[in-house]
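Enquirer: Structure file query06.cif (mmCIF, N, CA and C atoms) right here:
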```cif
data_structure
loop_
_atom_site.label_atom_id
_atom_site.label_comp_id
_atom_site.auth_asym_id
_atom_site.auth_seq_id
_atom_site.Cartn_x
_atom_site.Cartn_y
_atom_site.Cartn_z
N MET A 1 0.84 -1.18 0.00
CA MET A 1 0.00 0.00 0.00
C MET A 1 0.89 1.25 0.00
N ILE A 2 0.49 2.25 -0.76
CA ILE A 2 1.25 3.50 -0.87
C ILE A 2 0.81 4.46 0.22
N GLY A 3 1.78 5.05 0.93
CA GLY A 3 1.48 6.00 1.99
C GLY A 3 1.10 7.37 1.45
N ASN A 4 0.49 8.20 2.32
CA ASN A 4 0.05 9.54 1.92
C ASN A 4 1.21 10.41 1.46
N SER A 5 2.37 10.31 2.12
CA SER A 5 3.51 11.14 1.73
C SER A 5 3.99 10.76 0.34
N THR A 6 3.93 9.48 0.01
CA THR A 6 4.31 9.04 -1.34
C THR A 6 3.32 9.56 -2.37
N ILE A 7 2.04 9.51 -2.06
CA ILE A 7 1.01 10.03 -2.96
C ILE A 7 1.18 11.53 -3.15
N ASP A 8 1.45 12.25 -2.06
CA ASP A 8 1.67 13.69 -2.16
C ASP A 8 2.87 14.00 -3.05
N LYS A 9 3.93 13.24 -2.89
CA LYS A 9 5.14 13.45 -3.70
C LYS A 9 4.86 13.14 -5.17
N LEU A 10 4.14 12.05 -5.43
CA LEU A 10 3.79 11.70 -6.81
C LEU A 10 2.89 12.77 -7.43
N THR A 11 1.95 13.29 -6.65
CA THR A 11 1.08 14.36 -7.13
C THR A 11 1.89 15.59 -7.50
N GLU A 12 2.85 15.93 -6.67
CA GLU A 12 3.70 17.09 -6.93
C GLU A 12 4.52 16.87 -8.21
N ILE A 13 5.08 15.69 -8.36
CA ILE A 13 5.89 15.39 -9.55
C ILE A 13 5.03 15.41 -10.81
N LEU A 14 3.85 14.80 -10.75
CA LEU A 14 2.95 14.81 -11.90
C LEU A 14 2.52 16.22 -12.26
N SER A 15 2.31 17.04 -11.25
CA SER A 15 1.95 18.43 -11.48
C SER A 15 3.05 19.15 -12.23
N LEU A 16 4.28 18.92 -11.84
CA LEU A 16 5.41 19.55 -12.51
C LEU A 16 5.57 19.05 -13.94
N ILE A 17 5.36 17.74 -14.12
CA ILE A 17 5.48 17.15 -15.45
C ILE A 17 4.41 17.73 -16.37
N ALA A 18 3.17 17.80 -15.89
CA ALA A 18 2.07 18.29 -16.71
C ALA A 18 2.12 19.80 -16.90
N GLY A 19 2.85 20.48 -16.04
CA GLY A 19 2.94 21.93 -16.16
C GLY A 19 1.71 22.65 -15.63
N CYS A 20 0.96 21.97 -14.80
CA CYS A 20 -0.24 22.59 -14.23
C CYS A 20 -0.46 22.08 -12.82
N THR A 21 -1.32 22.74 -12.09
CA THR A 21 -1.62 22.35 -10.73
C THR A 21 -2.66 21.24 -10.73
N ILE A 22 -2.40 20.20 -9.98
CA ILE A 22 -3.40 19.14 -9.82
C ILE A 22 -4.51 19.69 -8.95
N MET A 23 -5.74 19.65 -9.46
CA MET A 23 -6.88 20.22 -8.75
C MET A 23 -7.59 19.12 -7.97
N GLN A 24 -7.19 18.95 -6.71
CA GLN A 24 -7.74 17.86 -5.92
C GLN A 24 -9.17 18.12 -5.44
N GLU A 25 -9.51 19.36 -5.23
CA GLU A 25 -10.83 19.69 -4.69
C GLU A 25 -11.76 20.20 -5.79
N ILE A 26 -11.79 19.51 -6.91
CA ILE A 26 -12.60 19.94 -8.03
C ILE A 26 -13.37 18.73 -8.56
N THR A 27 -14.63 18.97 -8.91
CA THR A 27 -15.43 17.88 -9.46
C THR A 27 -15.11 17.72 -10.94
N THR A 28 -15.52 16.61 -11.47
CA THR A 28 -15.31 16.36 -12.90
C THR A 28 -16.02 17.42 -13.73
N GLU A 29 -17.23 17.78 -13.34
CA GLU A 29 -17.98 18.82 -14.08
C GLU A 29 -17.24 20.16 -14.03
N GLN A 30 -16.68 20.50 -12.88
CA GLN A 30 -15.92 21.74 -12.77
C GLN A 30 -14.68 21.71 -13.65
N LEU A 31 -14.04 20.55 -13.74
CA LEU A 31 -12.87 20.41 -14.61
C LEU A 31 -13.27 20.63 -16.06
N TYR A 32 -14.38 20.04 -16.48
CA TYR A 32 -14.87 20.25 -17.84
C TYR A 32 -15.13 21.73 -18.11
N GLN A 33 -15.68 22.43 -17.11
CA GLN A 33 -15.95 23.86 -17.26
C GLN A 33 -14.66 24.66 -17.39
N VAL A 34 -13.65 24.33 -16.60
CA VAL A 34 -12.35 25.00 -16.69
C VAL A 34 -11.77 24.80 -18.09
N VAL A 35 -11.80 23.57 -18.57
CA VAL A 35 -11.26 23.25 -19.89
C VAL A 35 -12.03 24.01 -20.97
N GLY A 36 -13.35 23.99 -20.90
CA GLY A 36 -14.18 24.69 -21.90
C GLY A 36 -13.90 26.18 -21.95
N LYS A 37 -13.80 26.80 -20.77
CA LYS A 37 -13.51 28.23 -20.71
C LYS A 37 -12.13 28.53 -21.30
N ASN A 38 -11.17 27.66 -21.03
CA ASN A 38 -9.82 27.88 -21.55
C ASN A 38 -9.76 27.67 -23.06
N VAL A 39 -10.49 26.72 -23.58
CA VAL A 39 -10.55 26.56 -25.04
C VAL A 39 -11.09 27.85 -25.66
N ALA A 40 -12.18 28.38 -25.10
CA ALA A 40 -12.75 29.63 -25.62
C ALA A 40 -11.76 30.78 -25.51
N LYS A 41 -11.06 30.87 -24.38
CA LYS A 41 -10.10 31.95 -24.17
C LYS A 41 -8.99 31.91 -25.21
N TYR A 42 -8.39 30.76 -25.40
CA TYR A 42 -7.26 30.67 -26.34
C TYR A 42 -7.74 30.75 -27.79
N ARG A 43 -8.94 30.27 -28.08
CA ARG A 43 -9.50 30.41 -29.42
C ARG A 43 -9.71 31.89 -29.74
N ASN A 44 -10.25 32.62 -28.77
CA ASN A 44 -10.47 34.06 -28.97
C ASN A 44 -9.16 34.83 -29.10
N LYS A 45 -8.14 34.41 -28.35
CA LYS A 45 -6.83 35.06 -28.46
C LYS A 45 -6.26 34.93 -29.86
N LYS A 46 -6.60 33.83 -30.54
CA LYS A 46 -6.13 33.61 -31.91
C LYS A 46 -7.11 34.19 -32.93
N ASN A 47 -8.12 34.92 -32.44
CA ASN A 47 -9.14 35.51 -33.31
C ASN A 47 -9.78 34.48 -34.24
N MET A 48 -10.07 33.32 -33.69
CA MET A 48 -10.67 32.24 -34.46
C MET A 48 -12.11 32.03 -34.01
N SER A 49 -13.01 31.93 -34.95
CA SER A 49 -14.41 31.70 -34.61
C SER A 49 -14.63 30.23 -34.25
N GLN A 50 -15.75 29.96 -33.59
CA GLN A 50 -16.10 28.58 -33.29
C GLN A 50 -16.27 27.79 -34.58
N LEU A 51 -16.86 28.41 -35.58
CA LEU A 51 -17.07 27.74 -36.86
C LEU A 51 -15.74 27.41 -37.53
N ASN A 52 -14.82 28.35 -37.54
CA ASN A 52 -13.52 28.12 -38.17
C ASN A 52 -12.78 26.98 -37.46
N LEU A 53 -12.76 27.00 -36.13
CA LEU A 53 -12.10 25.93 -35.38
C LEU A 53 -12.76 24.60 -35.66
N SER A 54 -14.08 24.60 -35.63
CA SER A 54 -14.83 23.37 -35.86
C SER A 54 -14.56 22.79 -37.24
N MET A 55 -14.56 23.62 -38.25
CA MET A 55 -14.31 23.14 -39.61
C MET A 55 -12.87 22.67 -39.78
N THR A 56 -11.92 23.36 -39.14
CA THR A 56 -10.52 22.95 -39.20
C THR A 56 -10.33 21.58 -38.57
N MET A 57 -11.16 21.28 -37.58
CA MET A 57 -11.10 19.97 -36.91
C MET A 57 -11.81 18.88 -37.72
N GLY A 58 -12.56 19.28 -38.76
CA GLY A 58 -13.24 18.30 -39.59
C GLY A 58 -14.73 18.17 -39.33
N TYR A 59 -15.29 19.05 -38.53
CA TYR A 59 -16.73 19.05 -38.26
C TYR A 59 -17.43 20.01 -39.22
N LYS A 60 -18.73 19.81 -39.39
CA LYS A 60 -19.48 20.64 -40.33
C LYS A 60 -20.33 21.71 -39.65
N SER A 61 -20.35 21.71 -38.32
CA SER A 61 -21.11 22.74 -37.59
C SER A 61 -20.34 23.12 -36.33
N VAL A 62 -20.83 24.16 -35.67
CA VAL A 62 -20.14 24.65 -34.46
C VAL A 62 -20.55 23.90 -33.20
N SER A 63 -21.47 22.97 -33.29
CA SER A 63 -22.06 22.37 -32.09
C SER A 63 -21.03 21.71 -31.17
N VAL A 64 -20.04 21.04 -31.70
CA VAL A 64 -19.03 20.39 -30.85
C VAL A 64 -18.27 21.44 -30.06
N ILE A 65 -17.85 22.51 -30.73
CA ILE A 65 -17.07 23.55 -30.07
C ILE A 65 -17.95 24.35 -29.11
N SER A 66 -19.10 24.81 -29.59
CA SER A 66 -19.94 25.65 -28.73
C SER A 66 -20.43 24.87 -27.51
N SER A 67 -20.82 23.63 -27.68
CA SER A 67 -21.28 22.82 -26.55
C SER A 67 -20.14 22.52 -25.58
N GLY A 68 -18.97 22.21 -26.11
CA GLY A 68 -17.82 21.89 -25.26
C GLY A 68 -17.33 23.08 -24.46
N GLU A 69 -17.41 24.27 -25.05
CA GLU A 69 -16.93 25.47 -24.36
C GLU A 69 -17.80 25.83 -23.16
N ILE A 70 -19.08 25.53 -23.23
CA ILE A 70 -19.97 25.88 -22.12
C ILE A 70 -20.55 24.65 -21.41
N CYS A 71 -20.08 23.47 -21.77
CA CYS A 71 -20.57 22.21 -21.18
C CYS A 71 -22.09 22.07 -21.31
N TYR A 72 -22.60 22.42 -22.46
CA TYR A 72 -24.04 22.38 -22.72
C TYR A 72 -24.55 20.95 -22.67
N LYS A 73 -25.55 20.71 -21.83
CA LYS A 73 -26.16 19.38 -21.66
C LYS A 73 -25.12 18.29 -21.40
N GLY A 74 -24.10 18.63 -20.62
CA GLY A 74 -23.09 17.66 -20.23
C GLY A 74 -22.04 17.37 -21.30
N LYS A 75 -22.10 18.07 -22.42
CA LYS A 75 -21.11 17.86 -23.48
C LYS A 75 -19.78 18.46 -23.04
N HIS A 76 -18.70 17.79 -23.40
CA HIS A 76 -17.36 18.26 -23.05
C HIS A 76 -16.37 17.74 -24.08
N PHE A 77 -15.19 18.31 -24.08
CA PHE A 77 -14.14 17.89 -25.01
C PHE A 77 -13.48 16.62 -24.51
N ASN A 78 -13.15 15.73 -25.45
CA ASN A 78 -12.36 14.55 -25.08
C ASN A 78 -10.89 14.82 -25.39
N LEU A 79 -10.03 13.91 -25.02
CA LEU A 79 -8.59 14.12 -25.20
C LEU A 79 -8.20 14.28 -26.66
N GLU A 80 -8.80 13.53 -27.54
CA GLU A 80 -8.49 13.65 -28.97
C GLU A 80 -8.84 15.05 -29.47
N GLN A 81 -10.00 15.55 -29.07
CA GLN A 81 -10.40 16.90 -29.47
C GLN A 81 -9.46 17.94 -28.90
N LEU A 82 -9.10 17.80 -27.62
CA LEU A 82 -8.18 18.76 -27.00
C LEU A 82 -6.81 18.73 -27.68
N HIS A 83 -6.37 17.57 -28.07
CA HIS A 83 -5.09 17.45 -28.78
C HIS A 83 -5.17 18.20 -30.11
N LYS A 84 -6.24 17.98 -30.87
CA LYS A 84 -6.42 18.67 -32.16
C LYS A 84 -6.48 20.18 -31.95
N ILE A 85 -7.26 20.61 -30.96
CA ILE A 85 -7.41 22.04 -30.70
C ILE A 85 -6.08 22.66 -30.33
N SER A 86 -5.30 21.98 -29.48
CA SER A 86 -4.01 22.53 -29.08
C SER A 86 -3.08 22.68 -30.28
N LYS A 87 -3.13 21.75 -31.21
CA LYS A 87 -2.29 21.83 -32.42
C LYS A 87 -2.76 22.98 -33.31
N ILE A 88 -4.06 23.11 -33.49
CA ILE A 88 -4.61 24.17 -34.34
C ILE A 88 -4.30 25.54 -33.76
N LEU A 89 -4.47 25.68 -32.44
CA LEU A 89 -4.24 26.98 -31.78
C LEU A 89 -2.76 27.20 -31.45
N GLU A 90 -1.95 26.17 -31.68
CA GLU A 90 -0.51 26.23 -31.44
C GLU A 90 -0.19 26.59 -29.98
N ILE A 91 -0.82 25.84 -29.07
CA ILE A 91 -0.55 26.03 -27.64
C ILE A 91 -0.33 24.67 -26.99
N ASP A 92 0.30 24.67 -25.84
CA ASP A 92 0.51 23.45 -25.08
C ASP A 92 -0.83 22.99 -24.50
N ILE A 93 -1.13 21.72 -24.64
CA ILE A 93 -2.41 21.17 -24.18
C ILE A 93 -2.64 21.40 -22.69
N THR A 94 -1.58 21.49 -21.90
CA THR A 94 -1.74 21.66 -20.45
C THR A 94 -2.38 23.01 -20.10
N LYS A 95 -2.32 23.98 -21.00
CA LYS A 95 -2.93 25.28 -20.72
C LYS A 95 -4.44 25.19 -20.54
N PHE A 96 -5.04 24.18 -21.13
CA PHE A 96 -6.49 24.00 -21.00
C PHE A 96 -6.90 23.61 -19.58
N PHE A 97 -5.95 23.09 -18.79
CA PHE A 97 -6.27 22.58 -17.46
C PHE A 97 -5.93 23.56 -16.33
N LYS A 98 -5.47 24.73 -16.66
CA LYS A 98 -5.10 25.71 -15.63
C LYS A 98 -6.28 26.62 -15.33
N GLU A 99 -6.47 26.84 -14.03
CA GLU A 99 -7.58 27.73 -13.62
C GLU A 99 -7.22 29.18 -13.83
#
```
What's the structure tokens form of this structure?
Expert:
Amino acid sequence: MIGNSTIDKLTEILSLIAGCTIMQEITTEQLYQVVGKNVAKYRNKKNMSQLNLSMTMGYKSVSVISSGEICYKGKHFNLEQLHKISKILEIDITKFFKE
């Protein structure tokens, strides 16, 4: 069994590796909201519309992007989508996970 100090140390190391803070007191829904807001923030910084991002990713409508950015009806981005978005926006994927 792994002790608490070992878990704390592993959490710290993983945080450094990922380049972001591990959010221990956050629900999954809150994490999706943080990610969605950050996708919108970085998309806007690149002056890219939801439609343009969506089409660049291979979708024919804005629904995936618009729903993911605001977590509409429980919709959220998956890792493949976040990877594509990070490449299109030319940013490190870990930026999506920072509060």
Enquirer: Any idea what the distance is between atom N of A:Val64 and atom CA of A:Glu25?
Expert: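 A separation of 28.6 Å between them.
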Enquirer: One number please: atom CA of A:Met57 to atom CA of A:Ile26, in Å, one decimal.
Expert: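 Taking atom CA of A:Met57 as the start and atom CA of A:Ile26 as the end point, the length is 28.9 Å.
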Enquirer: Tell me which of A:Ile93, A:Ile88, A:Val34, A:Ile70 sits closest to A:Thr56, counting only C-alpha atoms.
Expert: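 Selected residue with least distance to A:Thr56: A:Ile88.
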Enquirer: I'd like the interatomic distance between atom C of A:Asn38 and atom N of A:Lys84, to a tenth of an Å.
Expert: 12.9 Å
Enquirer: Evaluate the PyMOL selection byres ((chain A and resi 35) around 7) here and jot the selected residues down as a PyMOL selection string.
Expert: chain A and resi 30-34+36-40+68-69+96-98
Enquirer: Between A:Thr94, A:Thr28, A:Ser49, A:Ser86, single out the one closest to A:Ile65, counting only C-alpha atoms.
Expert: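 Closest candidate: A:Ser49.
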Enquirer: Between A:Ser63, A:Gly74, A:Ser54, A:Asn44, which is the closest to A:Glu29 once you count only C-alpha atoms?
Expert: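 Checking each candidate against A:Glu29, we get A:Gly74 as the closest.
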